[in-house]
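Below is one structure, written out as structure tokens, with a few remarks after it.
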Amino acid sequence: MFLTRFHLDPRSQGGSRALGDAQRMHAVVAAATSTASSLDAASGRTLWRLDRDDPATPVLWVVSLVRPDLDGFAADAGKVVAGVVYETKSYDALLDRLEVGQVYAFRLAANAARSGRLSPESKVTQRFGHVTAAQQIAWLQVRAEVFGFSLSKSTTGELDAAVVGGRRLTFFRQGQRVTIALREFMGHLEVSDPEQLRRSLVNGIGHGRAYGCGMLTLATPRRA
């Protein structure tokens, strides 16, 4: 597996168009990792996430089975930072060293949603996005065990996780309007099942994974 960090230039035409259209960004990432389609899907899938902490230099993260070819996109939408537009590293070192009890800082963009019916009489179900931050944290906490981790707690006993942002993705797919409520989570987690967490890191969490949702990344916690 590979992890790629790509610096976007929002002032360029290519960067502006991709940042404003999840369907277009999906197409860019899919084209860059197209050879992955012939590989064993059980080993992982292509995931991507946009981090917009710095509006002047948004960062595109990509997890993929193959080393992505983003040279064309770099020429059209990239920004040189520290001498490079994008860099790709092996993801296997992190995946291989996961152990029970380890604590990591995490970041996740996900579609925190539930399934429900439009009315008690309706037989048709659809997904509804959780509205409040408390509901969204609860959504993550309930699913954490299935994904191979638990949310850490702060010194006050509260869950060390927060909703730090979000946006509504709207685009057209096969002539149909699609809307995805994306929420961004940050905090600390503890590894409970290394093998399951590996699967979560390479396969993603929840729905909307082709459109910038579901990618979980880990980092060494900062020392106090």
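Please note that chains go A, B, ... in the order of the structure tokens, that every chain numbers its residues from 1, and that ligands are numbered from 1 in the order shown.
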
Residues near A:Thr217, cut-off 10 Å, only C-alpha atoms, skip fewer than 6 positions along chain, as a VMD selection string | chain A and resid 3 49 61 63 104 to 109 186 200 to 202 204

Could you pull the residues within 12 Å of A:Ser12, counting only C-alpha atoms, minus those fewer than 5 positions along the same chain, as a PyMOL selection string?
-> chain A and resi 7+17-19+56-57+73-79

Name the residues of stretch 11-220 of chain A that come out as strand (DSSP E or B) in a backbone DSSP run; write them as a PyMOL selection string.
-> chain A and resi 47-51+59-64+78+81+84+86-90+103-111+113-117+125-129+149-151+153+159+161-173+176-191+207+215-219

Rows by chain and residue number, stretch 24-83 of chain A within 12 Å of stretch 172-182 of chain A, shortest pair, only C-alpha atoms, as a Markdown table:
| residue | atom | partner | partner_atom | distance |
| --- | --- | --- | --- | --- |
| A:Arg24 | CA | A:Phe172 | CA | 10.3 |
| A:His26 | CA | A:Arg173 | CA | 11.3 |
| A:Ala27 | CA | A:Arg173 | CA | 11.6 |
| A:Arg49 | CA | A:Leu182 | CA | 10.6 |
| A:Leu50 | CA | A:Leu182 | CA | 10.9 |

Can you spit out the residues from that selection as a PDB file, in the first residue's frame, using C-alpha atoms?
ATOM      1  CA  ARG A  24     -14.095  15.493 -10.684  1.00  0.00           C
ATOM      2  CA  HIS A  26     -12.856  11.155  -7.822  1.00  0.00           C
ATOM      3  CA  ALA A  27     -12.106  10.929 -11.553  1.00  0.00           C
ATOM      4  CA  ARG A  49      -9.316  12.937   1.542  1.00  0.00           C
ATOM      5  CA  LEU A  50      -9.026  16.692   1.261  1.00  0.00           C
TER       6      LEU A  50
END

Would you list the contacts of A:Arg67 as a PyMOL selection string, taking every protein, DNA or RNA residue within 12 Å and counting only C-alpha atoms, but skipping same-chain residues closer than 5 positions in sequence?
-> chain A and resi 1-5+29+31-36+46+62+86-91

The selected residues should be written to file as a CSV table (one decimal), in the first residue's frame (atoms: N, CA and C atoms).
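Final output, selection-v4.csv:
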chain,number,residue,atom,x,y,z
A,1,MET,N,0.8,-1.2,0.0
A,1,MET,CA,0.0,0.0,0.0
A,1,MET,C,0.9,1.3,0.0
A,2,PHE,N,0.3,2.3,-0.5
A,2,PHE,CA,1.0,3.6,-0.6
A,2,PHE,C,0.2,4.7,-0.1
A,3,LEU,N,0.9,5.7,0.5
A,3,LEU,CA,0.2,6.9,1.0
A,3,LEU,C,0.9,8.1,0.3
A,4,THR,N,0.0,9.0,-0.3
A,4,THR,CA,0.5,10.1,-1.1
A,4,THR,C,-0.1,11.4,-0.5
A,5,ARG,N,0.8,12.4,-0.5
A,5,ARG,CA,0.4,13.8,-0.1
A,5,ARG,C,0.6,14.7,-1.3
A,29,VAL,N,-8.4,10.9,-9.1
A,29,VAL,CA,-7.7,9.9,-8.3
A,29,VAL,C,-7.9,8.5,-8.9
A,31,ALA,N,-8.2,7.8,-12.1
A,31,ALA,CA,-7.3,7.8,-13.3
A,31,ALA,C,-5.8,7.6,-12.9
A,32,ALA,N,-5.4,8.2,-11.8
A,32,ALA,CA,-4.1,8.1,-11.3
A,32,ALA,C,-3.7,6.7,-10.7
A,33,THR,N,-4.8,6.0,-10.3
A,33,THR,CA,-4.6,4.7,-9.7
A,33,THR,C,-5.3,3.6,-10.5
A,34,SER,N,-5.4,3.8,-11.8
A,34,SER,CA,-6.3,2.9,-12.6
A,34,SER,C,-5.7,1.5,-12.7
A,35,THR,N,-4.4,1.3,-12.6
A,35,THR,CA,-3.9,-0.1,-12.6
A,35,THR,C,-4.3,-0.9,-11.4
A,36,ALA,N,-4.8,-0.2,-10.3
A,36,ALA,CA,-5.2,-1.0,-9.1
A,36,ALA,C,-6.4,-1.8,-9.4
A,46,THR,N,-8.7,2.2,-3.2
A,46,THR,CA,-8.2,3.6,-3.3
A,46,THR,C,-9.1,4.5,-2.5
A,62,VAL,N,-4.0,10.4,-0.5
A,62,VAL,CA,-4.5,9.3,-1.3
A,62,VAL,C,-3.8,8.0,-0.7
A,86,TYR,N,4.0,16.7,-5.0
A,86,TYR,CA,3.5,15.6,-4.2
A,86,TYR,C,4.5,14.5,-4.0
A,87,GLU,N,4.3,13.7,-3.0
A,87,GLU,CA,5.3,12.7,-2.6
A,87,GLU,C,4.5,11.4,-2.2
A,88,THR,N,5.0,10.3,-2.5
A,88,THR,CA,4.4,9.0,-2.2
A,88,THR,C,5.4,8.2,-1.4
A,89,LYS,N,4.8,7.6,-0.3
A,89,LYS,CA,5.7,6.7,0.6
A,89,LYS,C,4.9,5.4,0.8
A,90,SER,N,5.7,4.4,1.1
A,90,SER,CA,5.1,3.1,1.5
A,90,SER,C,4.3,3.2,2.7
A,91,TYR,N,3.1,2.6,2.7
A,91,TYR,CA,2.2,2.6,3.9
A,91,TYR,C,2.4,1.4,4.8

Can you work out the spacing between atom CA of A:Gln135 and atom CA of A:Asn203 in Å, to one decimal?
->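 So the answer is 23.7 Å.
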
So, counting only C-alpha atoms, which residue among A:Leu94, A:Leu189, A:Leu140, A:Ala210 is closest to A:Gln23?
->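 Looking at the shortest contact to A:Gln23, the residue is A:Ala210.
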
Filtered DSSP result for stretch 19-194 of chain A, state helix (DSSP H, G or I), as a PyMOL selection string = chain A and resi 19+22-32+34-38+41-43+71-77+92-96+133-147+194

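Between atom CA of A:Asp53 and atom CA of A:Phe185 the separation is 12.9 Å.
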
Enter the distance from atom CA of A:Pro194 to atom CA of A:Pro221, in Å, rounded to one decimal.
-> 17.7 Å
